[in-house]
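target.txt (compact mmCIF, C-alpha atoms and all ligand atoms) appears below.
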# COMPACT_ATOMS: atom_id res chain seq x y z
CA MET A 16 -9.39 0.39 10.79
CA LYS A 17 -5.68 0.86 11.46
CA ILE A 18 -3.58 -0.77 8.74
CA ALA A 19 0.18 -1.03 8.27
CA VAL A 20 1.61 -1.84 4.84
CA ILE A 21 5.20 -3.14 4.66
CA GLY A 22 6.87 -2.24 1.35
CA THR A 23 5.97 0.76 -0.79
CA GLY A 24 6.64 -0.68 -4.24
CA TYR A 25 4.04 -0.95 -7.00
CA VAL A 26 1.77 -3.17 -4.90
CA GLY A 27 2.38 -1.80 -1.39
CA LEU A 28 2.02 1.85 -2.31
CA VAL A 29 -1.06 1.37 -4.48
CA SER A 30 -2.68 -0.82 -1.80
CA GLY A 31 -1.85 1.64 0.99
CA VAL A 32 -3.17 4.61 -0.96
CA CYS A 33 -6.38 2.79 -1.95
CA PHE A 34 -7.01 1.43 1.57
CA SER A 35 -6.71 4.98 2.89
CA ASP A 36 -9.14 6.10 0.22
CA PHE A 37 -11.57 3.45 1.53
CA GLY A 38 -11.41 5.43 4.81
CA HIS A 39 -8.91 3.31 6.74
CA GLU A 40 -6.01 4.80 8.68
CA VAL A 41 -2.88 3.61 6.86
CA ILE A 42 0.83 3.77 7.58
CA CYS A 43 3.14 2.61 4.80
CA VAL A 44 6.64 1.45 5.72
CA ASP A 45 9.72 1.03 3.57
CA LYS A 46 13.27 0.13 4.48
CA ASP A 47 14.60 2.33 1.68
CA PRO A 48 15.14 5.76 3.32
CA ALA A 49 15.28 7.53 -0.06
CA LYS A 50 11.80 6.22 -0.95
CA VAL A 51 10.37 7.23 2.43
CA ALA A 52 11.88 10.71 2.09
CA MET A 53 10.30 11.13 -1.35
CA LEU A 54 6.91 9.93 -0.11
CA GLU A 55 7.08 12.27 2.88
CA ARG A 56 7.73 15.14 0.45
CA GLY A 57 4.59 14.10 -1.42
CA GLU A 58 6.50 12.64 -4.38
CA VAL A 59 5.63 9.24 -5.87
CA PRO A 60 8.75 7.11 -6.51
CA ILE A 61 7.13 5.15 -9.38
CA TYR A 62 5.17 6.12 -12.48
CA GLU A 63 1.58 4.97 -12.07
CA PRO A 64 -1.23 7.05 -13.59
CA GLY A 65 -3.45 8.76 -10.99
CA LEU A 66 -1.42 7.63 -7.98
CA ASP A 67 0.00 11.06 -7.10
CA THR A 68 -3.41 12.75 -6.93
CA LEU A 69 -4.98 10.00 -4.80
CA MET A 70 -1.96 9.90 -2.51
CA THR A 71 -2.01 13.67 -1.92
CA LYS A 72 -5.76 13.61 -1.27
CA ASN A 73 -5.45 10.98 1.47
CA VAL A 74 -2.32 12.44 3.06
CA GLU A 75 -4.15 15.78 3.30
CA ALA A 76 -7.17 14.04 4.81
CA GLY A 77 -4.86 12.68 7.54
CA ARG A 78 -5.51 9.02 6.72
CA LEU A 79 -2.18 8.18 5.05
CA SER A 80 1.39 8.51 6.27
CA PHE A 81 4.84 7.06 5.59
CA THR A 82 7.67 5.91 7.80
CA GLY A 83 10.89 3.95 7.83
CA ASP A 84 10.12 2.72 11.34
CA LEU A 85 8.38 -0.64 11.09
CA ALA A 86 7.83 -1.00 14.84
CA HIS A 87 6.02 2.35 14.92
CA ALA A 88 3.76 1.35 12.02
CA VAL A 89 2.95 -2.10 13.40
CA ALA A 90 2.17 -1.01 16.97
CA GLY A 91 -1.62 -0.93 17.31
CA ALA A 92 -2.34 -1.91 13.68
CA GLU A 93 -5.25 -4.34 13.30
CA ALA A 94 -4.00 -5.60 9.94
CA ILE A 95 -0.41 -5.68 8.70
CA PHE A 96 0.11 -6.25 4.98
CA ILE A 97 3.39 -7.68 3.72
CA ALA A 98 3.92 -6.30 0.21
CA VAL A 99 7.65 -6.80 -0.30
CA GLY A 100 9.33 -8.27 -3.37
CA THR A 101 9.52 -12.03 -4.10
CA PRO A 102 11.99 -12.16 -6.99
CA THR A 103 13.36 -15.37 -8.51
CA ARG A 104 15.98 -16.94 -6.28
CA ARG A 105 19.32 -17.19 -8.05
CA GLY A 106 20.06 -20.60 -9.45
CA ASP A 107 16.92 -22.63 -8.82
CA GLY A 108 13.83 -20.71 -10.02
CA HIS A 109 12.19 -20.68 -6.56
CA ALA A 110 10.54 -17.51 -5.30
CA ASP A 111 13.04 -15.81 -2.99
CA LEU A 112 11.26 -15.44 0.35
CA THR A 113 14.10 -13.62 2.11
CA TYR A 114 12.26 -10.29 2.19
CA VAL A 115 8.93 -11.81 3.27
CA MET A 116 10.52 -13.76 6.12
CA ALA A 117 12.63 -10.79 7.23
CA ALA A 118 9.46 -8.67 7.35
CA ALA A 119 7.66 -11.41 9.34
CA GLU A 120 10.49 -11.51 11.90
CA GLU A 121 10.43 -7.73 12.27
CA ILE A 122 6.64 -7.68 12.63
CA ALA A 123 6.82 -10.39 15.32
CA GLN A 124 9.06 -8.20 17.47
CA SER A 125 6.71 -5.23 17.22
CA LEU A 126 3.23 -6.73 17.75
CA THR A 127 1.48 -5.05 20.68
CA SER A 128 -2.10 -6.37 20.28
CA TYR A 129 -4.13 -8.81 18.14
CA ALA A 130 -3.44 -8.31 14.45
CA VAL A 131 -3.96 -10.16 11.18
CA ILE A 132 -0.72 -10.48 9.25
CA VAL A 133 -1.66 -10.52 5.60
CA THR A 134 0.66 -11.64 2.82
CA LYS A 135 -0.06 -9.61 -0.32
CA SER A 136 3.22 -10.53 -1.97
CA THR A 137 2.96 -13.42 -4.44
CA VAL A 138 4.25 -16.41 -2.48
CA PRO A 139 4.42 -20.18 -3.09
CA VAL A 140 1.84 -22.43 -1.48
CA GLY A 141 2.75 -23.04 2.16
CA THR A 142 4.36 -19.63 2.74
CA ASN A 143 1.59 -18.24 4.94
CA ARG A 144 1.99 -21.23 7.27
CA LEU A 145 5.73 -20.54 7.31
CA VAL A 146 5.07 -16.88 8.15
CA LYS A 147 2.84 -18.04 11.02
CA GLN A 148 5.53 -20.39 12.39
CA THR A 149 8.20 -17.70 12.07
CA ILE A 150 6.15 -15.16 14.03
CA ARG A 151 5.12 -17.73 16.64
CA LYS A 152 8.77 -18.71 17.15
CA ALA A 153 10.02 -15.12 17.34
CA ASN A 154 7.23 -13.99 19.68
CA PRO A 155 5.52 -16.96 21.39
CA SER A 156 3.03 -14.80 23.30
CA ALA A 157 1.87 -12.71 20.31
CA GLU A 158 -1.85 -12.77 19.52
CA PHE A 159 -2.29 -12.94 15.74
CA ASP A 160 -3.66 -14.75 12.70
CA VAL A 161 -2.29 -14.92 9.19
CA ALA A 162 -4.18 -14.32 5.94
CA SER A 163 -3.33 -14.63 2.27
CA ASN A 164 -4.55 -11.82 0.03
CA PRO A 165 -2.81 -12.07 -3.35
CA GLU A 166 -2.89 -8.96 -5.50
CA PHE A 167 -4.06 -8.92 -9.13
CA LEU A 168 -3.51 -5.26 -10.08
CA ARG A 169 -1.80 -4.46 -13.37
CA GLU A 170 0.85 -1.77 -13.48
CA GLY A 171 -0.38 1.12 -15.59
CA ALA A 172 -4.00 0.53 -14.51
CA ALA A 173 -3.30 -0.27 -10.87
CA ILE A 174 -5.72 2.12 -9.16
CA ASP A 175 -8.67 1.15 -11.29
CA ASP A 176 -7.82 -2.54 -10.83
CA PHE A 177 -7.63 -2.11 -7.06
CA MET A 178 -10.81 -0.04 -6.82
CA ARG A 179 -12.80 -2.12 -9.34
CA PRO A 180 -11.34 -5.63 -9.10
CA ASP A 181 -12.69 -8.70 -10.92
CA ARG A 182 -12.46 -10.33 -7.50
CA VAL A 183 -10.71 -10.09 -4.15
CA VAL A 184 -9.17 -13.36 -2.94
CA ILE A 185 -8.79 -13.94 0.79
CA GLY A 186 -7.34 -17.05 2.40
CA VAL A 187 -7.86 -17.47 6.15
CA GLN A 188 -7.83 -20.16 8.84
CA ASN A 189 -10.63 -18.86 11.06
CA ASP A 190 -13.60 -16.49 11.27
CA ARG A 191 -11.80 -13.91 13.38
CA ALA A 192 -9.25 -13.22 10.64
CA GLY A 193 -12.00 -13.45 8.01
CA GLU A 194 -13.99 -10.73 9.78
CA VAL A 195 -11.01 -8.35 9.83
CA MET A 196 -10.40 -8.98 6.12
CA ASN A 197 -14.07 -8.52 5.25
CA GLU A 198 -14.08 -5.24 7.17
CA ILE A 199 -11.08 -3.98 5.19
CA TYR A 200 -12.70 -4.79 1.86
CA ARG A 201 -16.27 -3.81 2.84
CA PRO A 202 -16.17 -0.73 0.56
CA LEU A 203 -15.78 -3.14 -2.36
CA SER A 204 -18.18 -5.91 -1.25
CA LEU A 205 -20.85 -3.25 -0.62
CA ARG A 206 -20.57 -2.37 -4.30
CA ASP A 207 -20.93 -6.06 -5.25
CA PHE A 208 -17.33 -6.71 -6.25
CA PRO A 209 -16.93 -10.43 -5.54
CA VAL A 210 -14.84 -11.53 -2.56
CA VAL A 211 -13.65 -15.13 -2.61
CA VAL A 212 -12.95 -16.38 0.92
CA THR A 213 -11.03 -19.63 0.98
CA ASP A 214 -8.20 -21.45 2.76
CA LEU A 215 -4.59 -20.24 2.76
CA GLU A 216 -3.26 -22.76 0.27
CA SER A 217 -6.01 -22.21 -2.32
CA ALA A 218 -5.58 -18.43 -2.12
CA GLU A 219 -1.84 -18.78 -2.68
CA MET A 220 -2.41 -21.14 -5.62
CA ILE A 221 -5.08 -18.96 -7.29
CA LYS A 222 -2.47 -16.25 -7.89
CA TYR A 223 0.09 -18.56 -9.52
CA ALA A 224 -2.52 -20.40 -11.58
CA ALA A 225 -3.98 -17.10 -12.85
CA ASN A 226 -0.60 -15.66 -13.84
CA ALA A 227 0.62 -18.87 -15.47
CA PHE A 228 -2.64 -19.06 -17.45
CA LEU A 229 -2.29 -15.47 -18.69
CA ALA A 230 1.37 -16.04 -19.62
CA THR A 231 0.23 -19.14 -21.52
CA LYS A 232 -2.40 -17.18 -23.43
CA ILE A 233 0.12 -14.53 -24.49
CA THR A 234 2.64 -17.15 -25.51
CA PHE A 235 0.04 -19.10 -27.44
CA ILE A 236 -0.89 -16.10 -29.57
CA ASN A 237 2.79 -15.23 -30.08
CA GLU A 238 3.44 -18.71 -31.42
CA ILE A 239 0.38 -18.49 -33.69
CA ALA A 240 1.74 -15.11 -34.91
CA ALA A 241 4.99 -16.75 -35.97
CA LEU A 242 3.04 -19.32 -38.00
CA CYS A 243 0.81 -16.58 -39.48
CA GLU A 244 3.89 -14.81 -40.82
CA LYS A 245 4.99 -17.98 -42.62
CA VAL A 246 1.61 -18.92 -44.11
CA GLY A 247 0.34 -15.43 -45.00
CA ALA A 248 -2.35 -15.01 -42.35
CA ASP A 249 -2.81 -11.71 -40.46
CA ILE A 250 -2.41 -12.28 -36.71
CA LYS A 251 -4.60 -9.23 -35.92
CA GLU A 252 -7.48 -10.73 -37.88
CA VAL A 253 -6.86 -14.12 -36.29
CA SER A 254 -6.82 -12.64 -32.74
CA LYS A 255 -10.01 -10.74 -33.46
CA GLY A 256 -11.81 -13.79 -34.78
CA MET A 257 -10.59 -15.96 -31.90
CA GLY A 258 -11.29 -13.39 -29.19
CA MET A 259 -14.95 -13.05 -30.16
CA ASP A 260 -15.47 -16.58 -28.87
CA GLY A 261 -16.81 -16.05 -25.36
CA ARG A 262 -14.99 -19.15 -24.16
CA ILE A 263 -11.67 -17.61 -25.22
CA GLY A 264 -12.12 -13.86 -24.71
CA ASN A 265 -10.18 -11.08 -26.43
CA LYS A 266 -7.80 -10.11 -23.59
CA PHE A 267 -4.14 -11.14 -23.69
CA LEU A 268 -4.43 -12.11 -27.34
CA HIS A 269 -2.20 -9.39 -28.80
CA ALA A 270 0.96 -10.70 -30.41
CA GLY A 271 4.20 -9.00 -29.38
CA PRO A 272 7.86 -9.49 -28.51
CA GLY A 273 7.19 -11.87 -25.57
CA TYR A 274 5.94 -11.28 -22.04
CA GLY A 275 8.15 -9.67 -19.42
CA GLY A 276 7.65 -7.61 -16.30
CA SER A 277 7.82 -8.01 -12.58
CA CYS A 278 5.38 -10.93 -12.35
CA PHE A 279 4.92 -13.39 -15.24
CA PRO A 280 8.59 -14.40 -15.66
CA LYS A 281 9.21 -15.03 -11.97
CA ASP A 282 5.77 -16.48 -11.21
CA THR A 283 5.87 -19.00 -14.07
CA LYS A 284 9.32 -20.10 -12.91
CA ALA A 285 8.16 -20.41 -9.29
CA LEU A 286 5.10 -22.47 -10.33
CA ALA A 287 7.29 -24.77 -12.44
CA ARG A 288 9.58 -25.19 -9.45
CA MET A 289 6.64 -25.94 -7.13
CA GLY A 290 5.53 -28.62 -9.59
CA GLN A 291 8.99 -30.20 -9.69
CA ASP A 292 9.27 -30.17 -5.90
CA ASN A 293 5.92 -31.95 -5.62
CA ALA A 294 6.58 -34.44 -8.45
CA VAL A 295 3.74 -32.93 -10.50
CA PRO A 296 5.65 -31.27 -13.34
CA MET A 297 3.93 -28.17 -14.73
CA GLN A 298 4.69 -29.20 -18.30
CA ILE A 299 2.60 -26.51 -19.98
CA THR A 300 4.12 -23.74 -17.86
CA GLU A 301 7.63 -25.09 -18.42
CA THR A 302 7.03 -25.02 -22.18
CA VAL A 303 5.60 -21.49 -21.99
CA ILE A 304 8.79 -20.28 -20.29
CA LYS A 305 10.91 -21.88 -23.04
CA VAL A 306 8.74 -20.61 -25.91
CA ASN A 307 8.66 -17.08 -24.49
CA ASP A 308 12.48 -16.99 -24.47
CA GLU A 309 12.44 -18.11 -28.11
CA ILE A 310 9.93 -15.40 -29.04
CA LYS A 311 12.24 -12.70 -27.68
CA ARG A 312 15.12 -14.15 -29.70
CA ARG A 313 12.90 -14.36 -32.78
CA MET A 314 12.56 -10.56 -32.65
CA ILE A 315 16.35 -10.25 -32.84
CA ASP A 316 16.47 -12.66 -35.81
CA LYS A 317 13.77 -10.64 -37.60
CA VAL A 318 15.80 -7.44 -37.27
CA VAL A 319 18.98 -9.20 -38.45
CA ASP A 320 17.07 -10.53 -41.48
CA LEU A 321 15.80 -7.03 -42.29
CA CYS A 322 19.43 -5.86 -42.17
CA ASP A 323 20.44 -8.53 -44.73
CA GLY A 324 22.23 -10.64 -42.15
CA SER A 325 24.46 -8.03 -40.46
CA LEU A 326 23.64 -5.36 -37.88
CA ASN A 327 27.08 -3.78 -38.16
CA GLY A 328 26.79 -0.02 -38.70
CA LYS A 329 23.01 -0.15 -39.11
CA VAL A 330 20.86 2.47 -37.41
CA ILE A 331 17.99 0.97 -35.46
CA ALA A 332 15.22 2.95 -33.78
CA VAL A 333 13.57 1.23 -30.82
CA LEU A 334 10.23 2.61 -29.67
CA GLY A 335 9.35 1.49 -26.16
CA VAL A 336 11.53 -0.37 -23.68
CA THR A 337 9.32 -0.72 -20.58
CA PHE A 338 7.71 -4.15 -20.26
CA LYS A 339 4.29 -2.67 -20.95
CA PRO A 340 2.79 0.80 -21.51
CA ASN A 341 1.91 3.25 -18.73
CA THR A 342 4.69 2.15 -16.41
CA ASP A 343 8.36 2.93 -15.90
CA ASP A 344 9.00 -0.68 -14.81
CA MET A 345 11.82 -2.36 -16.74
CA ARG A 346 11.94 -5.63 -14.78
CA ASP A 347 12.45 -8.56 -17.18
CA ALA A 348 11.29 -6.40 -20.11
CA PRO A 349 11.85 -8.07 -23.53
CA SER A 350 13.90 -4.96 -24.45
CA LEU A 351 16.57 -6.13 -21.98
CA THR A 352 17.18 -9.19 -24.19
CA ILE A 353 16.57 -7.58 -27.57
CA VAL A 354 18.35 -4.20 -27.35
CA PRO A 355 21.72 -5.51 -26.03
CA ALA A 356 21.75 -8.06 -28.89
CA LEU A 357 21.29 -5.23 -31.41
CA VAL A 358 24.03 -3.15 -29.78
CA GLY A 359 26.27 -6.24 -29.54
CA GLY A 360 25.81 -6.86 -33.26
CA GLY A 361 27.31 -3.44 -34.03
CA ALA A 362 24.11 -1.45 -34.63
CA LYS A 363 23.66 2.16 -33.56
CA VAL A 364 20.54 1.97 -31.44
CA ARG A 365 18.31 4.95 -30.71
CA VAL A 366 15.75 4.42 -27.98
CA CYS A 367 12.59 6.39 -27.26
CA ASP A 368 10.23 5.62 -24.36
CA PRO A 369 7.76 8.00 -22.66
CA GLN A 370 8.75 6.84 -19.14
CA GLY A 371 11.54 4.30 -19.45
CA GLN A 372 14.70 6.41 -19.61
CA HIS A 373 15.17 6.91 -15.86
CA GLU A 374 15.15 3.15 -15.14
CA GLY A 375 16.50 2.11 -18.52
CA GLU A 376 19.70 4.18 -18.77
CA ALA A 377 21.72 1.92 -16.48
CA LEU A 378 20.18 -1.25 -17.92
CA LEU A 379 20.73 -0.48 -21.60
CA PRO A 380 24.30 0.80 -22.03
CA GLY A 381 25.51 1.91 -25.45
CA VAL A 382 22.23 3.30 -26.76
CA GLN A 383 21.27 6.87 -27.56
CA TRP A 384 18.11 8.12 -25.81
CA VAL A 385 15.85 10.48 -27.73
CA GLU A 386 12.60 12.05 -26.62
CA ASP A 387 10.90 12.23 -29.98
CA PRO A 388 10.01 9.09 -32.01
CA TYR A 389 10.50 11.04 -35.27
CA LYS A 390 14.06 11.88 -34.19
CA ALA A 391 14.61 8.20 -33.40
CA ALA A 392 13.53 7.33 -36.94
CA GLN A 393 15.94 9.83 -38.58
CA LYS A 394 18.06 7.89 -41.13
CA ALA A 395 17.15 4.61 -39.41
CA ASP A 396 17.43 1.35 -41.32
CA VAL A 397 14.94 -0.46 -39.08
CA LEU A 398 12.33 0.68 -36.59
CA VAL A 399 11.32 -1.75 -33.84
CA ILE A 400 8.28 -1.24 -31.62
CA LEU A 401 8.69 -3.12 -28.35
CA THR A 402 6.06 -1.47 -26.13
CA GLU A 403 2.52 -0.59 -27.22
CA TRP A 404 2.45 2.94 -25.78
CA ASN A 405 -0.53 4.92 -27.10
CA GLU A 406 1.93 7.62 -28.22
CA PHE A 407 3.25 5.18 -30.82
CA ARG A 408 -0.22 4.21 -32.05
CA ALA A 409 -0.82 7.79 -33.13
CA LEU A 410 2.42 8.22 -35.12
CA ASP A 411 2.30 9.62 -38.64
CA LEU A 412 3.82 6.59 -40.36
CA LYS A 413 4.26 8.42 -43.69
CA ARG A 414 6.38 11.02 -41.90
CA ILE A 415 8.34 8.22 -40.20
CA ALA A 416 8.89 6.53 -43.57
CA ARG A 417 10.22 9.75 -45.13
CA LYS A 418 12.79 10.06 -42.32
CA MET A 419 14.05 6.51 -42.52
CA THR A 420 16.83 5.28 -44.81
CA THR A 421 14.96 2.13 -45.74
P1 LIG B 501 8.74 -3.69 -5.42
O1 LIG B 501 10.09 -4.31 -5.56
O2 LIG B 501 8.31 -2.62 -6.33
O3 LIG B 501 8.57 -3.16 -3.92
C1 LIG B 501 8.96 -3.83 -2.77
C2 LIG B 501 9.27 -2.79 -1.70
O4 LIG B 501 9.42 -3.45 -0.44
C3 LIG B 501 10.59 -2.05 -1.94
O5 LIG B 501 10.33 -0.65 -1.90
C4 LIG B 501 11.48 -2.46 -0.76
O6 LIG B 501 12.36 -1.44 -0.33
C5 LIG B 501 10.44 -2.79 0.30
N1 LIG B 501 10.89 -3.69 1.37
C6 LIG B 501 11.50 -4.89 1.26
N2 LIG B 501 11.70 -5.43 2.48
C7 LIG B 501 11.19 -4.56 3.39
C8 LIG B 501 11.10 -4.56 4.83
N3 LIG B 501 11.55 -5.58 5.56
N4 LIG B 501 10.52 -3.50 5.42
C9 LIG B 501 10.05 -2.46 4.67
N5 LIG B 501 10.12 -2.42 3.33
C10 LIG B 501 10.67 -3.46 2.68
O7 LIG B 501 7.73 -4.92 -5.50
P2 LIG B 501 6.26 -4.96 -6.17
O8 LIG B 501 6.34 -4.94 -7.64
O9 LIG B 501 5.38 -3.99 -5.45
O10 LIG B 501 5.82 -6.46 -5.76
C11 LIG B 501 5.57 -6.81 -4.42
C12 LIG B 501 4.90 -8.18 -4.42
O11 LIG B 501 3.64 -8.10 -5.05
C13 LIG B 501 5.67 -9.27 -5.19
O12 LIG B 501 5.51 -10.49 -4.52
C14 LIG B 501 4.97 -9.31 -6.51
O13 LIG B 501 5.07 -10.56 -7.14
C15 LIG B 501 3.54 -9.03 -6.13
N6 LIG B 501 2.74 -8.44 -7.20
C16 LIG B 501 3.26 -7.45 -7.98
C17 LIG B 501 2.48 -6.86 -8.98
C18 LIG B 501 3.04 -5.78 -9.86
O14 LIG B 501 2.40 -5.46 -10.87
N7 LIG B 501 4.18 -5.20 -9.56
C19 LIG B 501 1.15 -7.29 -9.16
C20 LIG B 501 0.64 -8.28 -8.33
C21 LIG B 501 1.44 -8.85 -7.35
Whole structure given in structure tokens:
Amino acid sequence: MKIAVIGTGYVGLVSGVCFSDFGHEVICVDKDPAKVAMLERGEVPIYEPGLDTLMTKNVEAGRLSFTGDLAHAVAGAEAIFIAVGTPTRRGDGHADLTYVMAAAEEIAQSLTSYAVIVTKSTVPVGTNRLVKQTIRKANPSAEFDVASNPEFLREGAAIDDFMRPDRVVIGVQNDRAGEVMNEIYRPLSLRDFPVVVTDLESAEMIKYAANAFLATKITFINEIAALCEKVGADIKEVSKGMGMDGRIGNKFLHAGPGYGGSCFPKDTKALARMGQDNAVPMQITETVIKVNDEIKRRMIDKVVDLCDGSLNGKVIAVLGVTFKPNTDDMRDAPSLTIVPALVGGGAKVRVCDPQGQHEGEALLPGVQWVEDPYKAAQKADVLVILTEWNEFRALDLKRIARKMTT
């Protein structure tokens, strides 16, 4: 099947590469010429384990190509995936649909034959209908259907998540679109990965409900961790004991400095906004957003306490600044709240992250970047671990302790 993917970010590029690996003929489009140039040279603009090898394999097999020309990609495609960003709109918490709608308008102008226009971006309930209206208005004679196909991959494990998903969710309005979608995902349904086919609105809602639930689980365990510290319980033991309950499960029960990233912060805000707009306040999600902000600030307070109330002149080593391990993504990372507060308090901050420096340099001014965690720890008063990279799990803590001042 001929597929066009609009947007070559974390979701668009991984989806395009994996669809081509399924055997489909895929063209990925991006409006950023620098990204397209890199991809055409065979370079991957993001850090995602395994993506470069799979991309090269499919380019060499002639099933995968890249372009900046949307009209060229869309012409003759049977399915067109919109995988552009939906960040938080300034001021009101809504998902910003500017990029999705701009892509829909462009697609409308370029349709040459029947196609299913699939929204893979995370979008509020009702957006697929809006995409349909936009295309219909821009090109009244176009033959098309819309479909919702939210993506659940996790950065850092994106290929495995795409190739071995817990489920694929597809929202459609008729059988014709459903057949195209089933054909695309046949390599997965043949291997018994579940495919949930539902209506547009339910598909859109599944994504928000899932992300808000996961953000809630993380926030819950972070709040329990704070109480554990006060009452002398060990949060790792508590998580273990809780997670063994099959009704709870052990995933997303690891206490840390708050959730961040390209999805949870903006998706919880967008769900809260959807609730307000529909007079059904999402009270749990609204509280999760508030508590998560407090958890990030609590990390700052902990460091200040360890420095006897003043950060001035203290040396602080920070291990990990990306929002999670195995990615270079810094979007809404807790480090972006915590590190500037340490620098602002007068501390000398040394930062070490296996992949974060390229993205992080502009976002974290005033810090010193070091490649080696032991160098970061040299004469440090405090060492803060913000990202659970495996590299940091294997550190020789006795050696670290010898290097530190306190
Ligand atoms: P991203 O910002 O990494 O990538 C978006 C890309 O789209 C950019 O390269 C941009 O240049 C391109 N683009 C924007 N408008 C375009 C246009 N009109 N034509 C061509 N290219 C265009 O975004 P992302 O992290 O891949 O997220 C995309 C969507 O997927 C979001 O809605 C997000 O919520 C959702 N999502 C993301 C993840 C994740 O882990 N990153 C997981 C699941 C779902």
Please tabulate, as a tab-separated table, the residues of stretch 106-220 of chain A that come within 12 Å of stretch 344-356 of chain A, each with its closest pair of atoms and the distance in Å to one decimal, counting all atoms listed in the file and ordering rows by chain, then residue number upward.
residue	atom	partner	partner_atom	distance
A:Arg169	CA	A:Asp344	CA	11.5
A:Glu170	CA	A:Asp344	CA	8.3
A:Gly171	CA	A:Asp344	CA	9.6
What does the file look like for those residues with C-alpha atoms, as a PDB file, in the frame of the given file?
ATOM      1  CA  ARG A 169      -1.800  -4.460 -13.370  1.00  0.00           C
ATOM      2  CA  GLU A 170       0.850  -1.770 -13.480  1.00  0.00           C
ATOM      3  CA  GLY A 171      -0.380   1.120 -15.590  1.00  0.00           C
TER       4      GLY A 171
END
> Nearest to A:Ala241: which of A:Gly261, A:Pro272, A:Pro139, A:Gly328 is it, counting all atoms listed in the file?
Replying inline: A:Pro272
Need the axis-aligned box for ligand LIG 501 (chain B) with 5 Å each side, so what are the centre and edges in Å to one decimal, as JSON?
{"center_x": 6.5, "center_y": -5.6, "center_z": -2.7, "size_x": 21.7, "size_y": 19.9, "size_z": 26.4}
>> As a quick test: using all atoms listed in the file, which residues lie no more than 8 Å away from ligand LIG 501 (chain B)? Give them as an MDAnalysis selection string.
In response: chainID A and resid 21:28 44:47 50 83 85 98:102 114:115 117:119 121 135:138 165:170 173 276:278 281:282
>> I'd like the neighbourhood of A:Ala19 as a list of chain:residue names, where a residue qualifies if any of its atoms comes within 7 Å (using all atoms listed in the file), though same-chain residues fewer than 4 positions away should be ignored.
In response: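 The contact residues come out as A:Val41, A:Ile42, A:Cys43, A:Ala88, A:Val89, A:Ala92, A:Ala94, A:Ile95, A:Phe96.
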>> So, with all atoms listed in the file as the atoms that count, which of A:Gly359, A:Gly273, A:Gly57, A:Gly38 lies closest to A:Val382?
In response: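 For A:Val382, the nearest of the candidates is A:Gly359.
Interatomic distance, atom CA of A:Ile150 against atom CA of A:Ile132: 9.6 Å.
For the residues A:Arg417, A:Thr302, A:Arg365, A:Gln383, ranking by smallest atom-to-atom distance to A:Leu398 using all atoms listed in the file places A:Arg365 first.
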> What gap, in Å, lies between atom CA of A:Pro369 and atom CA of A:Ile174?
Replying inline: 20.0 Å
>> Quick check, in Å to one decimal: how far apart do atom CA of A:Met16 and atom CA of A:Ser156 lie?
In response: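 Between atom CA of A:Met16 and atom CA of A:Ser156 the gap is 23.3 Å.
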>> Give me, as a ChimeraX atom specification, all polymer residues having an atom no more than 10 Å from A:Ala76, counting all atoms listed in the file and skipping those fewer than 5 positions away in the same chain.
In response: /A:35-36,38,70-71
Limited to C-alpha atoms, could you put the picked residues into a file as an mmCIF file, keeping the file's coordinate frame?
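As written to disk, result17.cif reads:
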data_model
loop_
_atom_site.group_PDB
_atom_site.id
_atom_site.type_symbol
_atom_site.label_atom_id
_atom_site.label_comp_id
_atom_site.auth_asym_id
_atom_site.auth_seq_id
_atom_site.Cartn_x
_atom_site.Cartn_y
_atom_site.Cartn_z
ATOM 1 C CA SER A 35 -6.710 4.980 2.890
ATOM 2 C CA ASP A 36 -9.140 6.100 0.220
ATOM 3 C CA GLY A 38 -11.410 5.430 4.810
ATOM 4 C CA MET A 70 -1.960 9.900 -2.510
ATOM 5 C CA THR A 71 -2.010 13.670 -1.920
#
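Checking A:Val295, A:Ala270, A:Cys367, A:Leu145 one by one against A:Lys311, counting all atoms listed in the file, you find the shortest gap at A:Ala270.
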> Using all atoms listed in the file, which of the listed residues (A:Val59, A:Ala90, A:Ile233, A:Val184) sits closest to A:Thr213?
Replying inline: A:Val184
> From the set A:Leu203, A:Ala225, A:Ala157, A:Leu357, which residue has the shortest atom-to-atom contact distance to A:Ile315, counting all atoms listed in the file?
Replying inline: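 Smallest distance to A:Ile315 is found for A:Leu357.
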Polymer residues at most 12 Å from A:Asn197, all atoms listed in the file, same-chain spacing of 3 or more positions, as a CSV table (one decimal) with C-alpha atoms, in the coordinates of the input:
chain,number,residue,atom,x,y,z
A,16,MET,CA,-9.4,0.4,10.8
A,94,ALA,CA,-4.0,-5.6,9.9
A,131,VAL,CA,-4.0,-10.2,11.2
A,162,ALA,CA,-4.2,-14.3,5.9
A,164,ASN,CA,-4.6,-11.8,0.0
A,183,VAL,CA,-10.7,-10.1,-4.2
A,184,VAL,CA,-9.2,-13.4,-2.9
A,185,ILE,CA,-8.8,-13.9,0.8
A,186,GLY,CA,-7.3,-17.0,2.4
A,187,VAL,CA,-7.9,-17.5,6.2
A,190,ASP,CA,-13.6,-16.5,11.3
A,191,ARG,CA,-11.8,-13.9,13.4
A,192,ALA,CA,-9.2,-13.2,10.6
A,193,GLY,CA,-12.0,-13.4,8.0
A,194,GLU,CA,-14.0,-10.7,9.8
A,200,TYR,CA,-12.7,-4.8,1.9
A,201,ARG,CA,-16.3,-3.8,2.8
A,202,PRO,CA,-16.2,-0.7,0.6
A,203,LEU,CA,-15.8,-3.1,-2.4
A,204,SER,CA,-18.2,-5.9,-1.2
A,205,LEU,CA,-20.8,-3.2,-0.6
A,209,PRO,CA,-16.9,-10.4,-5.5
A,210,VAL,CA,-14.8,-11.5,-2.6
A,211,VAL,CA,-13.6,-15.1,-2.6
A,212,VAL,CA,-13.0,-16.4,0.9
